[in-house]
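**Student:** See query.cif below, with mmCIF, C-alpha atoms and all ligand atoms.
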data_run
loop_
_atom_site.label_atom_id
_atom_site.label_comp_id
_atom_site.auth_asym_id
_atom_site.auth_seq_id
_atom_site.Cartn_x
_atom_site.Cartn_y
_atom_site.Cartn_z
CA MET A 1 29.19 -0.75 -12.13
CA LYS A 2 27.42 2.58 -11.51
CA LEU A 3 23.84 2.87 -10.28
CA ILE A 4 21.44 5.78 -9.90
CA ALA A 5 18.58 6.08 -7.41
CA TYR A 6 15.61 8.32 -8.23
CA ASN A 7 13.18 10.14 -5.94
CA VAL A 8 15.50 9.74 -2.96
CA ARG A 9 14.21 11.16 0.33
CA GLU A 10 16.47 12.47 3.05
CA ASP A 11 15.70 9.46 5.28
CA GLU A 12 16.85 7.04 2.56
CA ARG A 13 20.24 8.67 1.92
CA LYS A 14 22.12 7.09 4.81
CA TYR A 15 20.99 3.60 3.84
CA ILE A 16 21.98 4.17 0.20
CA GLU A 17 25.38 5.52 1.27
CA LYS A 18 25.95 2.51 3.57
CA TRP A 19 24.97 0.07 0.82
CA ALA A 20 27.27 1.81 -1.68
CA LYS A 21 30.19 1.67 0.77
CA ARG A 22 29.55 -1.96 1.70
CA ASN A 23 29.34 -3.03 -1.93
CA LYS A 24 32.00 -0.63 -3.25
CA ILE A 25 29.57 0.53 -5.93
CA GLU A 26 28.85 4.14 -6.86
CA VAL A 27 25.17 5.04 -6.36
CA ALA A 28 24.19 8.51 -7.55
CA MET A 29 21.06 10.05 -6.04
CA THR A 30 18.46 12.46 -7.35
CA ASP A 31 15.20 13.68 -5.84
CA ALA A 32 13.59 13.63 -9.31
CA ARG A 33 10.89 11.08 -10.08
CA ILE A 34 11.68 8.94 -13.09
CA THR A 35 9.84 9.94 -16.24
CA ALA A 36 10.74 10.15 -19.93
CA GLU A 37 11.86 13.73 -19.20
CA THR A 38 14.20 12.82 -16.30
CA ALA A 39 15.54 9.58 -17.80
CA PHE A 40 18.54 11.46 -19.25
CA LEU A 41 19.93 11.75 -15.68
CA ALA A 42 20.68 8.01 -15.88
CA LYS A 43 23.01 8.38 -18.86
CA GLY A 44 26.26 6.55 -18.15
CA TYR A 45 24.76 4.39 -15.37
CA ASP A 46 24.18 0.65 -15.56
CA GLY A 47 21.05 0.32 -13.46
CA ILE A 48 18.25 2.34 -11.91
CA CYS A 49 16.54 2.16 -8.52
CA ALA A 50 13.28 4.12 -8.13
CA LEU A 51 10.30 4.65 -5.86
CA GLN A 52 7.09 6.46 -6.76
CA THR A 53 3.34 5.90 -6.74
CA SER A 54 2.93 7.71 -10.06
CA ALA A 55 3.28 5.64 -13.22
CA TYR A 56 6.49 4.13 -14.54
CA GLU A 57 5.45 4.88 -18.10
CA ALA A 58 6.11 3.30 -21.48
CA GLU A 59 8.03 6.34 -22.78
CA MET A 60 10.34 6.20 -19.76
CA PHE A 61 11.21 2.53 -20.43
CA GLN A 62 11.89 3.43 -24.06
CA SER A 63 14.17 6.31 -22.99
CA ILE A 64 16.24 4.26 -20.56
CA ALA A 65 16.56 1.40 -23.06
CA GLN A 66 17.91 3.91 -25.56
CA LEU A 67 20.54 4.79 -22.94
CA GLY A 68 21.45 1.08 -22.82
CA ILE A 69 19.91 0.52 -19.37
CA HIS A 70 18.03 -2.75 -18.92
CA SER A 71 18.13 -3.17 -15.12
CA PHE A 72 15.43 -1.42 -13.10
CA ALA A 73 14.57 -1.96 -9.42
CA ILE A 74 11.64 -0.38 -7.64
CA ARG A 75 11.85 0.03 -3.88
CA SER A 76 8.20 -0.99 -3.20
CA VAL A 77 6.15 -4.17 -2.87
CA GLY A 78 3.36 -3.01 -5.17
CA TYR A 79 4.21 -2.82 -8.86
CA ASP A 80 0.81 -1.80 -10.19
CA SER A 81 2.32 1.47 -11.44
CA VAL A 82 4.79 -0.34 -13.73
CA ASP A 83 3.89 -0.60 -17.41
CA ILE A 84 5.04 -4.22 -17.64
CA GLU A 85 4.31 -4.58 -21.35
CA ALA A 86 6.49 -1.55 -22.11
CA ALA A 87 9.28 -2.83 -19.85
CA LYS A 88 9.19 -6.19 -21.66
CA LYS A 89 9.05 -4.57 -25.08
CA ASN A 90 12.15 -2.53 -24.26
CA ASN A 91 13.93 -5.52 -22.76
CA VAL A 92 14.10 -3.91 -19.30
CA LYS A 93 14.04 -6.28 -16.34
CA VAL A 94 12.16 -4.94 -13.32
CA THR A 95 12.35 -6.06 -9.69
CA ASN A 96 10.27 -5.16 -6.62
CA VAL A 97 10.88 -5.69 -2.89
CA PRO A 98 8.51 -8.35 -1.57
CA GLY A 99 8.25 -8.46 2.21
CA TYR A 100 10.50 -5.56 3.20
CA SER A 101 8.60 -5.45 6.49
CA PRO A 102 5.02 -6.74 6.37
CA SER A 103 4.61 -5.92 10.06
CA ALA A 104 5.11 -2.20 9.33
CA ILE A 105 1.95 -2.12 7.24
CA ALA A 106 0.03 -4.63 9.35
CA GLU A 107 0.73 -2.82 12.64
CA PHE A 108 -0.30 0.48 11.13
CA SER A 109 -3.52 -0.90 9.69
CA VAL A 110 -4.54 -2.50 13.00
CA SER A 111 -3.72 0.68 14.93
CA GLN A 112 -5.95 2.64 12.54
CA ALA A 113 -8.69 0.03 12.99
CA LEU A 114 -8.47 0.45 16.76
CA GLN A 115 -8.72 4.22 16.52
CA LEU A 116 -11.77 3.86 14.31
CA ILE A 117 -13.69 1.40 16.44
CA ARG A 118 -12.85 3.29 19.68
CA ARG A 119 -14.17 6.48 17.99
CA VAL A 120 -10.92 8.36 18.66
CA PRO A 121 -11.34 10.83 15.75
CA ALA A 122 -14.82 11.80 16.97
CA PHE A 123 -13.60 12.13 20.59
CA ASN A 124 -10.65 14.24 19.37
CA GLN A 125 -13.09 16.54 17.60
CA ARG A 126 -15.13 16.87 20.82
CA MET A 127 -12.00 17.55 22.87
CA GLU A 128 -11.05 20.40 20.55
CA GLU A 129 -14.43 21.95 21.37
CA GLN A 130 -13.96 21.27 25.13
CA ASP A 131 -16.88 18.85 24.95
CA PHE A 132 -15.80 16.14 27.39
CA ARG A 133 -19.01 14.07 27.27
CA TRP A 134 -19.09 10.35 26.37
CA SER A 135 -22.61 10.09 25.04
CA GLY A 136 -23.29 8.76 21.57
CA LEU A 137 -19.78 7.45 21.06
CA ILE A 138 -19.89 4.03 22.70
CA SER A 139 -17.53 1.68 20.90
CA LYS A 140 -16.74 -1.96 20.14
CA GLU A 141 -13.89 -4.31 21.08
CA LEU A 142 -11.76 -6.24 18.61
CA LYS A 143 -12.05 -9.26 20.92
CA HIS A 144 -15.73 -9.51 20.09
CA MET A 145 -15.53 -8.66 16.41
CA THR A 146 -15.27 -10.71 13.23
CA VAL A 147 -12.49 -9.34 11.06
CA GLY A 148 -12.62 -10.03 7.32
CA VAL A 149 -9.13 -10.12 5.79
CA ILE A 150 -9.00 -9.78 2.00
CA GLY A 151 -5.59 -10.93 0.77
CA THR A 152 -3.68 -13.31 3.05
CA GLY A 153 -0.17 -12.82 1.70
CA ARG A 154 2.68 -11.37 3.74
CA ILE A 155 0.88 -8.31 5.09
CA GLY A 156 -2.50 -10.01 5.46
CA GLN A 157 -0.89 -12.81 7.49
CA SER A 158 0.88 -10.33 9.72
CA ALA A 159 -2.42 -8.51 10.29
CA ILE A 160 -4.11 -11.85 11.10
CA ASP A 161 -1.43 -12.56 13.74
CA ILE A 162 -2.14 -9.22 15.42
CA TYR A 163 -5.93 -9.50 15.26
CA GLN A 164 -5.74 -13.01 16.68
CA GLY A 165 -3.71 -11.61 19.59
CA PHE A 166 -6.71 -9.41 20.34
CA GLY A 167 -9.00 -12.45 20.17
CA SER A 168 -10.88 -11.47 17.00
CA LYS A 169 -12.52 -14.12 14.86
CA ILE A 170 -10.92 -14.11 11.41
CA LEU A 171 -12.66 -14.69 8.09
CA ALA A 172 -10.30 -14.69 5.15
CA TYR A 173 -10.62 -14.41 1.40
CA ASP A 174 -7.84 -14.88 -1.12
CA VAL A 175 -7.70 -16.09 -4.69
CA TYR A 176 -5.00 -18.43 -3.38
CA GLN A 177 -5.73 -20.02 0.02
CA ASN A 178 -2.57 -20.40 2.08
CA PRO A 179 -2.49 -23.99 3.49
CA ASP A 180 -0.44 -22.79 6.49
CA LEU A 181 -3.31 -20.56 7.59
CA LYS A 182 -6.16 -22.99 7.07
CA ASP A 183 -6.15 -24.35 10.62
CA ARG A 184 -6.40 -20.94 12.27
CA VAL A 185 -8.58 -18.83 9.99
CA THR A 186 -11.83 -19.55 8.23
CA TYR A 187 -11.37 -19.11 4.51
CA VAL A 188 -14.56 -18.27 2.63
CA GLU A 189 -14.97 -19.51 -0.94
CA GLU A 190 -17.07 -16.54 -1.98
CA ILE A 191 -16.11 -13.01 -1.03
CA ALA A 192 -19.82 -12.26 -0.47
CA GLU A 193 -19.69 -14.44 2.67
CA LEU A 194 -16.93 -12.26 4.08
CA PHE A 195 -18.87 -9.10 3.20
CA GLN A 196 -21.99 -10.45 4.93
CA GLN A 197 -20.35 -11.66 8.13
CA SER A 198 -17.52 -9.23 8.95
CA ASP A 199 -17.70 -6.38 11.46
CA LEU A 200 -14.48 -4.94 10.09
CA ILE A 201 -12.97 -5.53 6.66
CA THR A 202 -9.27 -5.01 6.01
CA LEU A 203 -7.72 -4.98 2.52
CA HIS A 204 -4.31 -6.52 1.78
CA ALA A 205 -4.54 -7.49 -1.89
CA PRO A 206 -2.48 -5.99 -4.72
CA ALA A 207 -4.10 -3.66 -7.24
CA LEU A 208 -5.00 -5.64 -10.35
CA GLU A 209 -7.33 -5.00 -13.27
CA SER A 210 -9.48 -7.86 -11.98
CA ASN A 211 -10.06 -6.31 -8.54
CA PHE A 212 -10.53 -2.66 -9.54
CA HIS A 213 -13.26 -1.24 -7.23
CA MET A 214 -13.83 -4.61 -5.56
CA ILE A 215 -15.36 -2.55 -2.74
CA ASN A 216 -18.18 -0.96 -4.72
CA GLU A 217 -21.86 -0.23 -4.13
CA ALA A 218 -22.89 -3.86 -4.64
CA ALA A 219 -20.23 -5.06 -2.18
CA ILE A 220 -21.16 -2.45 0.43
CA ASN A 221 -24.84 -3.36 0.11
CA GLN A 222 -23.96 -6.90 1.17
CA MET A 223 -22.05 -5.76 4.27
CA LYS A 224 -23.31 -5.58 7.85
CA GLN A 225 -24.89 -2.36 9.04
CA GLY A 226 -22.14 -0.38 10.80
CA VAL A 227 -19.21 -2.20 9.17
CA TYR A 228 -15.71 -0.68 9.37
CA LEU A 229 -13.32 -0.64 6.40
CA VAL A 230 -9.52 -0.40 6.52
CA ASN A 231 -7.51 0.04 3.31
CA THR A 232 -3.74 0.12 3.49
CA ALA A 233 -3.41 -1.76 0.18
CA ARG A 234 -4.25 0.33 -2.88
CA GLY A 235 -6.79 3.07 -3.56
CA SER A 236 -8.10 1.43 -6.71
CA LEU A 237 -9.63 -1.40 -4.66
CA VAL A 238 -12.26 0.99 -3.29
CA ASP A 239 -14.87 2.95 -5.23
CA THR A 240 -14.65 6.16 -3.21
CA ASP A 241 -18.09 7.42 -4.29
CA ALA A 242 -19.68 4.17 -3.13
CA LEU A 243 -17.78 4.39 0.17
CA LEU A 244 -18.91 7.99 0.73
CA SER A 245 -22.53 6.95 0.07
CA GLY A 246 -22.11 4.06 2.51
CA LEU A 247 -20.71 6.42 5.16
CA ASN A 248 -23.51 8.94 4.56
CA SER A 249 -26.20 6.30 4.96
CA GLY A 250 -24.57 4.86 8.10
CA LYS A 251 -24.12 1.45 6.48
CA VAL A 252 -20.37 2.00 6.89
CA ALA A 253 -19.56 3.25 10.41
CA GLY A 254 -16.05 4.37 9.55
CA ALA A 255 -13.11 3.94 7.22
CA ALA A 256 -9.36 4.14 7.66
CA LEU A 257 -7.70 4.86 4.33
CA ASP A 258 -3.95 4.99 3.84
CA THR A 259 -4.44 4.87 0.09
CA TYR A 260 -6.90 6.71 -2.11
CA GLU A 261 -7.64 6.12 -5.77
CA ASN A 262 -6.51 9.60 -6.90
CA GLU A 263 -3.73 10.02 -4.38
CA THR A 264 -0.69 10.56 -6.61
CA ALA A 265 -1.16 14.30 -7.12
CA TYR A 266 -1.40 14.91 -3.37
CA PHE A 267 0.11 12.22 -1.16
CA SER A 268 3.77 12.84 -0.26
CA HIS A 269 3.49 16.46 -1.53
CA ASP A 270 3.30 19.65 0.52
CA TRP A 271 -0.13 21.07 -0.23
CA ARG A 272 -0.17 23.70 2.54
CA GLY A 273 -1.82 26.94 1.46
CA LYS A 274 -3.06 25.41 -1.79
CA THR A 275 -6.63 24.53 -2.71
CA ILE A 276 -7.55 20.88 -2.93
CA GLU A 277 -9.42 20.66 -6.22
CA ASP A 278 -10.36 17.02 -5.64
CA THR A 279 -13.73 17.34 -3.91
CA ARG A 280 -13.84 13.68 -2.88
CA LEU A 281 -10.46 13.96 -1.20
CA GLN A 282 -11.66 17.10 0.61
CA GLU A 283 -14.78 15.27 1.76
CA LEU A 284 -12.70 12.39 3.12
CA LEU A 285 -10.46 14.89 4.94
CA ASP A 286 -13.44 16.69 6.48
CA ARG A 287 -15.15 13.63 7.95
CA SER A 288 -14.70 12.49 11.55
CA ASP A 289 -15.66 8.92 10.58
CA VAL A 290 -12.73 8.70 8.15
CA LEU A 291 -9.09 8.41 9.10
CA LEU A 292 -7.08 9.43 6.09
CA THR A 293 -3.29 9.09 5.98
CA PRO A 294 -0.96 9.86 3.03
CA HIS A 295 0.28 6.33 2.20
CA ILE A 296 2.53 6.00 5.22
CA ALA A 297 1.77 2.48 6.46
CA PHE A 298 5.19 1.37 5.14
CA TYR A 299 7.08 4.28 6.65
CA THR A 300 9.28 2.79 9.39
CA GLU A 301 13.05 2.72 9.77
CA LYS A 302 13.28 -1.05 9.26
CA ALA A 303 11.06 -0.96 6.17
CA VAL A 304 12.95 1.91 4.55
CA GLU A 305 16.31 0.27 5.24
CA ASN A 306 15.11 -3.00 3.68
CA MET A 307 13.51 -1.22 0.71
CA VAL A 308 16.86 0.40 -0.06
CA ASP A 309 19.06 -2.64 0.59
CA ILE A 310 16.94 -5.23 -1.18
CA SER A 311 16.23 -3.05 -4.22
CA LEU A 312 19.92 -2.19 -4.64
CA ASP A 313 20.87 -5.87 -4.20
CA SER A 314 18.36 -6.72 -6.92
CA VAL A 315 19.51 -4.14 -9.43
CA LYS A 316 23.12 -5.22 -8.78
CA GLU A 317 22.11 -8.83 -9.54
CA LEU A 318 20.38 -7.74 -12.75
CA VAL A 319 23.45 -5.82 -13.91
CA GLU A 320 25.89 -8.57 -12.92
CA ILE A 321 24.11 -11.76 -13.92
CA GLY A 322 21.05 -10.58 -15.86
CA LYS A 323 18.55 -12.03 -13.40
CA SER A 324 17.20 -11.54 -9.87
CA ARG A 325 14.94 -13.51 -7.56
CA ASN A 326 12.77 -10.39 -7.25
CA GLU A 327 11.87 -9.96 -10.94
CA ILE A 328 8.19 -9.09 -11.29
CA TYR A 329 7.60 -10.99 -14.52
P1 LIG B 401 1.63 -10.52 -1.12
O1 LIG B 401 1.89 -10.75 -2.56
O2 LIG B 401 2.48 -11.21 -0.12
O3 LIG B 401 0.09 -10.87 -0.79
C1 LIG B 401 -0.96 -10.44 -1.58
C2 LIG B 401 -2.06 -11.50 -1.47
O4 LIG B 401 -3.23 -10.98 -2.13
C3 LIG B 401 -1.70 -12.82 -2.14
O5 LIG B 401 -1.94 -13.89 -1.25
C4 LIG B 401 -2.64 -12.88 -3.34
O6 LIG B 401 -3.02 -14.21 -3.68
C5 LIG B 401 -3.80 -12.08 -2.82
N1 LIG B 401 -4.73 -11.59 -3.85
C6 LIG B 401 -4.48 -11.24 -5.12
N2 LIG B 401 -5.61 -10.84 -5.72
C7 LIG B 401 -6.59 -10.94 -4.81
C8 LIG B 401 -7.99 -10.66 -4.83
N3 LIG B 401 -8.60 -10.18 -5.93
N4 LIG B 401 -8.70 -10.90 -3.72
C9 LIG B 401 -8.10 -11.38 -2.61
N5 LIG B 401 -6.79 -11.66 -2.52
C10 LIG B 401 -6.06 -11.44 -3.61
O7 LIG B 401 1.69 -8.94 -0.93
P2 LIG B 401 1.82 -8.14 0.43
O8 LIG B 401 3.25 -7.93 0.74
O9 LIG B 401 0.95 -8.75 1.45
O10 LIG B 401 1.25 -6.71 -0.04
C11 LIG B 401 -0.10 -6.53 -0.40
C12 LIG B 401 -0.31 -5.15 -0.99
O11 LIG B 401 -0.16 -4.17 0.04
C13 LIG B 401 0.74 -4.73 -2.02
O12 LIG B 401 0.47 -5.25 -3.29
C14 LIG B 401 0.61 -3.24 -2.00
O13 LIG B 401 -0.38 -2.82 -2.92
C15 LIG B 401 0.13 -2.93 -0.59
N6 LIG B 401 1.14 -2.22 0.21
C16 LIG B 401 0.83 -1.03 0.77
C17 LIG B 401 1.76 -0.35 1.54
C18 LIG B 401 1.47 0.96 2.19
O14 LIG B 401 2.39 1.65 2.64
N7 LIG B 401 0.23 1.38 2.31
C19 LIG B 401 3.04 -0.90 1.70
C20 LIG B 401 3.31 -2.13 1.13
C21 LIG B 401 2.36 -2.79 0.39
C1 LIG B 402 4.51 -0.51 -1.45
O1 LIG B 402 5.64 -0.89 -1.08
O2 LIG B 402 3.82 -1.19 -2.23
C2 LIG B 402 3.96 0.75 -0.97
O3 LIG B 402 2.79 0.96 -1.09
C3 LIG B 402 4.90 1.76 -0.39
C4 LIG B 402 4.90 3.05 -1.19
C5 LIG B 402 6.01 3.94 -0.73
C6 LIG B 402 4.95 2.85 -2.68
#
Translate this file's structure into structure tokens.
Ligand code: NAD
Ligand code: COI
**Tutor:**
Amino acid sequence: MKLIAYNVREDERKYIEKWAKRNKIEVAMTDARITAETAFLAKGYDGICALQTSAYEAEMFQSIAQLGIHSFAIRSVGYDSVDIEAAKKNNVKVTNVPGYSPSAIAEFSVSQALQLIRRVPAFNQRMEEQDFRWSGLISKELKHMTVGVIGTGRIGQSAIDIYQGFGSKILAYDVYQNPDLKDRVTYVEEIAELFQQSDLITLHAPALESNFHMINEAAINQMKQGVYLVNTARGSLVDTDALLSGLNSGKVAGAALDTYENETAYFSHDWRGKTIEDTRLQELLDRSDVLLTPHIAFYTEKAVENMVDISLDSVKELVEIGKSRNEIY
């Protein structure tokens, strides 16, 4: 068996090399993203492992199927960028990596929440100007806040554990209510209840057609004055224009965004010295009430190691036995 990994970063190489040695399987590496144009690089290989936030497109699945490749593993949890219909049509099985390290994302999202509520970005801005005053930037404590968690799967649960350590009251909303959590969080039946009662709202749901822009103008209107929003899930969950209006009016006191709806052109790329054409992205970058990070909540050693190992295990399973426990459909 021969495998090829696309879009490999320097920090992933050692884990791929270790896996290849352990399993006695050749794994070629390229820094190219996988598209219809780069699919030819996989000629002669049995399976593909890839990671990107840009789309895994229909034409790409057609190209790899023409090369006789039907085993495809992505190294992420989220698979919203996979054209599932095209994969199915071309008889390509696709796996993801559920739970490579939920705490990586949860810890990051809570640390961003803390920075927001303690007004760290605004204090940093003052410090740069040698303005050492406190006035106007009094903050809140998680211990006395109600945190609304949307999506109580692996990452949401890990975030709940951390917030409960701080003593926050948790309201939770999920389309599937986890029975194991019912005795320690208050699930709301209607998301509106969570919007109305939360001091801070944190998003941990996957991107689906059904929840596109779930945080829109109507949702923000229902929220408390001075609410905080944390999004380490997917950019498409938040209508950025509505969020910017909410921030401008003061309805939203601050937002920590690790994902942004039009991030793919920018996040993970070196944009130094170049103009940012996306005016909304520029506005988010310029604000001291917004903490913007380039989709790095996952980016820890443990997470990256697991992303590599589990995705390669899955593609190996697909090649060897035609199935994997991590298939996405
Ligand atoms: P998971 O599948 O364990 O949990 C997701 C939960 O969301 C499930 O309980 C599901 O029922 C729930 N859900 C689905 N639709 C919903 C909706 N409309 N409203 C409320 N809840 C809904 O997934 P996870 O491991 O917790 O990951 C969640 C998401 O986090 C991923 O899909 C991915 O988009 C994102 N993520 C981001 C990063 C990052 O680096 N920023 C890293 C990993 C994952
Ligand atoms: C995920 O695993 O879903 C992420 O968001 C990580 C990213 C590198 C795609």
**Student:** So how far away is CA of Thr202 (chain A) from CA of Tyr56 (chain A), in Å?
**Tutor:**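 Here the two named atoms are 27.5 Å from each other.
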**Student:** If we count only C-alpha atoms, what is near Asp258 (chain A) at a cut-off of 9 Å, once residues fewer than 4 positions away on the same chain are taken out, given as a PyMOL selection string?
**Tutor:** chain A and resi 109+230-235+291-297
**Student:** Do a neighbour search on region 265-279 of chain A at 12 Å with only C-alpha atoms, toss out local chain neighbours closer than 2 positions, and write the hits as a list in words.
**Tutor:**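 Contacts, in chain order: Asn7, Arg9, Leu51, Gln52, Thr53, Ser54, Ala55, Gly235, Thr240, Asp241, Leu244, Asp258, Thr259, Tyr260, Glu261, Asn262, Glu263, Leu281, Gln282, Glu283, Leu284, Leu285, Asp286, Leu292, Thr293, Pro294, His295, Ile296 and Tyr299 of chain A.
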**Student:** Just to be explicit: take each residue in the selection above, keep C-alpha atoms, and write the result as a PDB file, in the coordinates of the input.
**Tutor:**
ATOM      1  CA  ASN A   7      13.180  10.140  -5.940  1.00  0.00           C
ATOM      2  CA  ARG A   9      14.210  11.160   0.330  1.00  0.00           C
ATOM      3  CA  LEU A  51      10.300   4.650  -5.860  1.00  0.00           C
ATOM      4  CA  GLN A  52       7.090   6.460  -6.760  1.00  0.00           C
ATOM      5  CA  THR A  53       3.340   5.900  -6.740  1.00  0.00           C
ATOM      6  CA  SER A  54       2.930   7.710 -10.060  1.00  0.00           C
ATOM      7  CA  ALA A  55       3.280   5.640 -13.220  1.00  0.00           C
ATOM      8  CA  GLY A 235      -6.790   3.070  -3.560  1.00  0.00           C
ATOM      9  CA  THR A 240     -14.650   6.160  -3.210  1.00  0.00           C
ATOM     10  CA  ASP A 241     -18.090   7.420  -4.290  1.00  0.00           C
ATOM     11  CA  LEU A 244     -18.910   7.990   0.730  1.00  0.00           C
ATOM     12  CA  ASP A 258      -3.950   4.990   3.840  1.00  0.00           C
ATOM     13  CA  THR A 259      -4.440   4.870   0.090  1.00  0.00           C
ATOM     14  CA  TYR A 260      -6.900   6.710  -2.110  1.00  0.00           C
ATOM     15  CA  GLU A 261      -7.640   6.120  -5.770  1.00  0.00           C
ATOM     16  CA  ASN A 262      -6.510   9.600  -6.900  1.00  0.00           C
ATOM     17  CA  GLU A 263      -3.730  10.020  -4.380  1.00  0.00           C
ATOM     18  CA  LEU A 281     -10.460  13.960  -1.200  1.00  0.00           C
ATOM     19  CA  GLN A 282     -11.660  17.100   0.610  1.00  0.00           C
ATOM     20  CA  GLU A 283     -14.780  15.270   1.760  1.00  0.00           C
ATOM     21  CA  LEU A 284     -12.700  12.390   3.120  1.00  0.00           C
ATOM     22  CA  LEU A 285     -10.460  14.890   4.940  1.00  0.00           C
ATOM     23  CA  ASP A 286     -13.440  16.690   6.480  1.00  0.00           C
ATOM     24  CA  LEU A 292      -7.080   9.430   6.090  1.00  0.00           C
ATOM     25  CA  THR A 293      -3.290   9.090   5.980  1.00  0.00           C
ATOM     26  CA  PRO A 294      -0.960   9.860   3.030  1.00  0.00           C
ATOM     27  CA  HIS A 295       0.280   6.330   2.200  1.00  0.00           C
ATOM     28  CA  ILE A 296       2.530   6.000   5.220  1.00  0.00           C
ATOM     29  CA  TYR A 299       7.080   4.280   6.650  1.00  0.00           C
TER      30      TYR A 299
END
**Student:** Between A:Gly226, A:Gly153, A:Pro102, A:Gly322, which one has atoms that come closest to ligand LIG 402 (chain B), using all atoms listed in the file?
**Tutor:** A:Pro102
**Student:** Out of A:Arg133, A:Arg154, A:Lys2, A:Lys43, which residue has the shortest atom-to-atom distance to ligand LIG 402 (chain B) when counting only C-alpha atoms and all ligand atoms?
**Tutor:**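 Smallest separation from ligand LIG 402 (chain B) among the options: A:Arg154.
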**Student:** Counting all atoms listed in the file, what are the residues, protein, DNA or RNA alike, that approach ligand LIG 401 (chain B) to within 9 Å? I want them as a ChimeraX atom specification.
**Tutor:** /A:76-80,97-102,104-106,108-109,149-158,172-178,191,203-208,210-212,214,231-235,237,257-259,294-299
**Student:** Provide an axis-aligned box for all listed atoms of ligand LIG 402 (chain B), padding each side by 8 Å; report its centre and its edge lengths in Å to one decimal, as lines of an AutoDock Vina configuration file.
**Tutor:**
center_x = 4.4
center_y = 1.4
center_z = -1.5
size_x = 19.2
size_y = 21.1
size_z = 18.3
**Student:** Just to confirm, what's the straight-line distance from CA of Thr186 (chain A) to CA of Leu229 (chain A) in Å (one decimal)?
**Tutor:**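 Atom-to-atom, CA of Thr186 (chain A) to CA of Leu229 (chain A), that is 19.1 Å.
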**Student:** Rounded to one decimal, what separation in Å do you get between CA of Asn23 (chain A) and atom C1 of ligand LIG 402 (chain B)?
**Tutor:**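 Interatomic distance here is 25.0 Å.
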**Student:** Which polymer residues, whether protein, DNA or RNA, lie within 6 Å of the coordinate (17.5, -1.4, -9.1) when you count all atoms listed in the file? List them as a list in words, using the chain letters and numbers from the file.
**Tutor:**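 The answer, in the requested form, is Gly47, Ile48, Cys49, Phe72, Ala73, Ser311, Leu312, Ser314 and Val315 of chain A.
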**Student:** Can you tell me, as a PyMOL selection string, what residues are no more than 12 Å from Ile84 (chain A) when counting only C-alpha atoms, ignoring any on the same chain fewer than 2 positions away?
**Tutor:** chain A and resi 55-58+60-61+72+79-82+86-95+327-329
**Student:** Could you give me, as a CSV table (one decimal) with C-alpha atoms, keeping the file's coordinate frame, the residues that have an atom at most 10 Å away from the point (-18.9, 4.7, -3.5) in the coordinates of the file, using only C-alpha atoms?
**Tutor:**
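Contents of result.csv, freshly written:
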chain,number,residue,atom,x,y,z
A,213,HIS,CA,-13.3,-1.2,-7.2
A,215,ILE,CA,-15.4,-2.6,-2.7
A,216,ASN,CA,-18.2,-1.0,-4.7
A,217,GLU,CA,-21.9,-0.2,-4.1
A,218,ALA,CA,-22.9,-3.9,-4.6
A,219,ALA,CA,-20.2,-5.1,-2.2
A,220,ILE,CA,-21.2,-2.4,0.4
A,238,VAL,CA,-12.3,1.0,-3.3
A,239,ASP,CA,-14.9,3.0,-5.2
A,240,THR,CA,-14.6,6.2,-3.2
A,241,ASP,CA,-18.1,7.4,-4.3
A,242,ALA,CA,-19.7,4.2,-3.1
A,243,LEU,CA,-17.8,4.4,0.2
A,244,LEU,CA,-18.9,8.0,0.7
A,245,SER,CA,-22.5,7.0,0.1
A,246,GLY,CA,-22.1,4.1,2.5
A,247,LEU,CA,-20.7,6.4,5.2
**Student:** Determine, counting all atoms listed in the file, which protein, DNA and RNA residues have an atom within 6 Å of an atom of region 193-201 of chain A; residues of the same chain fewer than 4 positions away are not included. Present the result as a list in words.
**Tutor:**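 Residues near the query, excluding close chain neighbours: Met145, Thr146, Val147, Gly148, Gln222, Met223, Lys224, Val227, Tyr228 and Leu229 of chain A.
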**Student:** For Arg75 (chain A), which of A:Thr264, A:Ile16, A:Ala50, A:Gln62 is the closest residue, counting all atoms listed in the file?
**Tutor:** A:Ala50
**Student:** Nearest to ligand LIG 402 (chain B): which of A:Asn248, A:Asn306, A:Ser71, A:Gln130 is it, counting all atoms listed in the file?
**Tutor:**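 Checking each of A:Asn248, A:Asn306, A:Ser71, A:Gln130 against ligand LIG 402 (chain B), counting all atoms listed in the file, the winner is A:Asn306.
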**Student:** Generate the missing atoms of region 253-258 of chain A up to N, CA and C atoms and report them as a PDB file, in the coordinates of the input.
**Tutor:**
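Contents of result28.pdb, as written:
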ATOM      1  N   ALA A 253     -19.708   2.413   9.200  1.00  0.00           N
ATOM      2  CA  ALA A 253     -19.560   3.250  10.410  1.00  0.00           C
ATOM      3  C   ALA A 253     -18.287   4.086  10.353  1.00  0.00           C
ATOM      4  N   GLY A 254     -17.296   3.600   9.616  1.00  0.00           N
ATOM      5  CA  GLY A 254     -16.050   4.370   9.550  1.00  0.00           C
ATOM      6  C   GLY A 254     -15.074   3.699   8.611  1.00  0.00           C
ATOM      7  N   ALA A 255     -14.126   4.491   8.119  1.00  0.00           N
ATOM      8  CA  ALA A 255     -13.110   3.940   7.220  1.00  0.00           C
ATOM      9  C   ALA A 255     -11.757   4.533   7.546  1.00  0.00           C
ATOM     10  N   ALA A 256     -10.745   3.682   7.516  1.00  0.00           N
ATOM     11  CA  ALA A 256      -9.360   4.140   7.660  1.00  0.00           C
ATOM     12  C   ALA A 256      -8.683   3.894   6.320  1.00  0.00           C
ATOM     13  N   LEU A 257      -8.250   4.963   5.690  1.00  0.00           N
ATOM     14  CA  LEU A 257      -7.700   4.860   4.330  1.00  0.00           C
ATOM     15  C   LEU A 257      -6.280   5.407   4.311  1.00  0.00           C
ATOM     16  N   ASP A 258      -5.334   4.536   4.002  1.00  0.00           N
ATOM     17  CA  ASP A 258      -3.950   4.990   3.840  1.00  0.00           C
ATOM     18  C   ASP A 258      -3.650   5.183   2.353  1.00  0.00           C
TER      19      ASP A 258
END
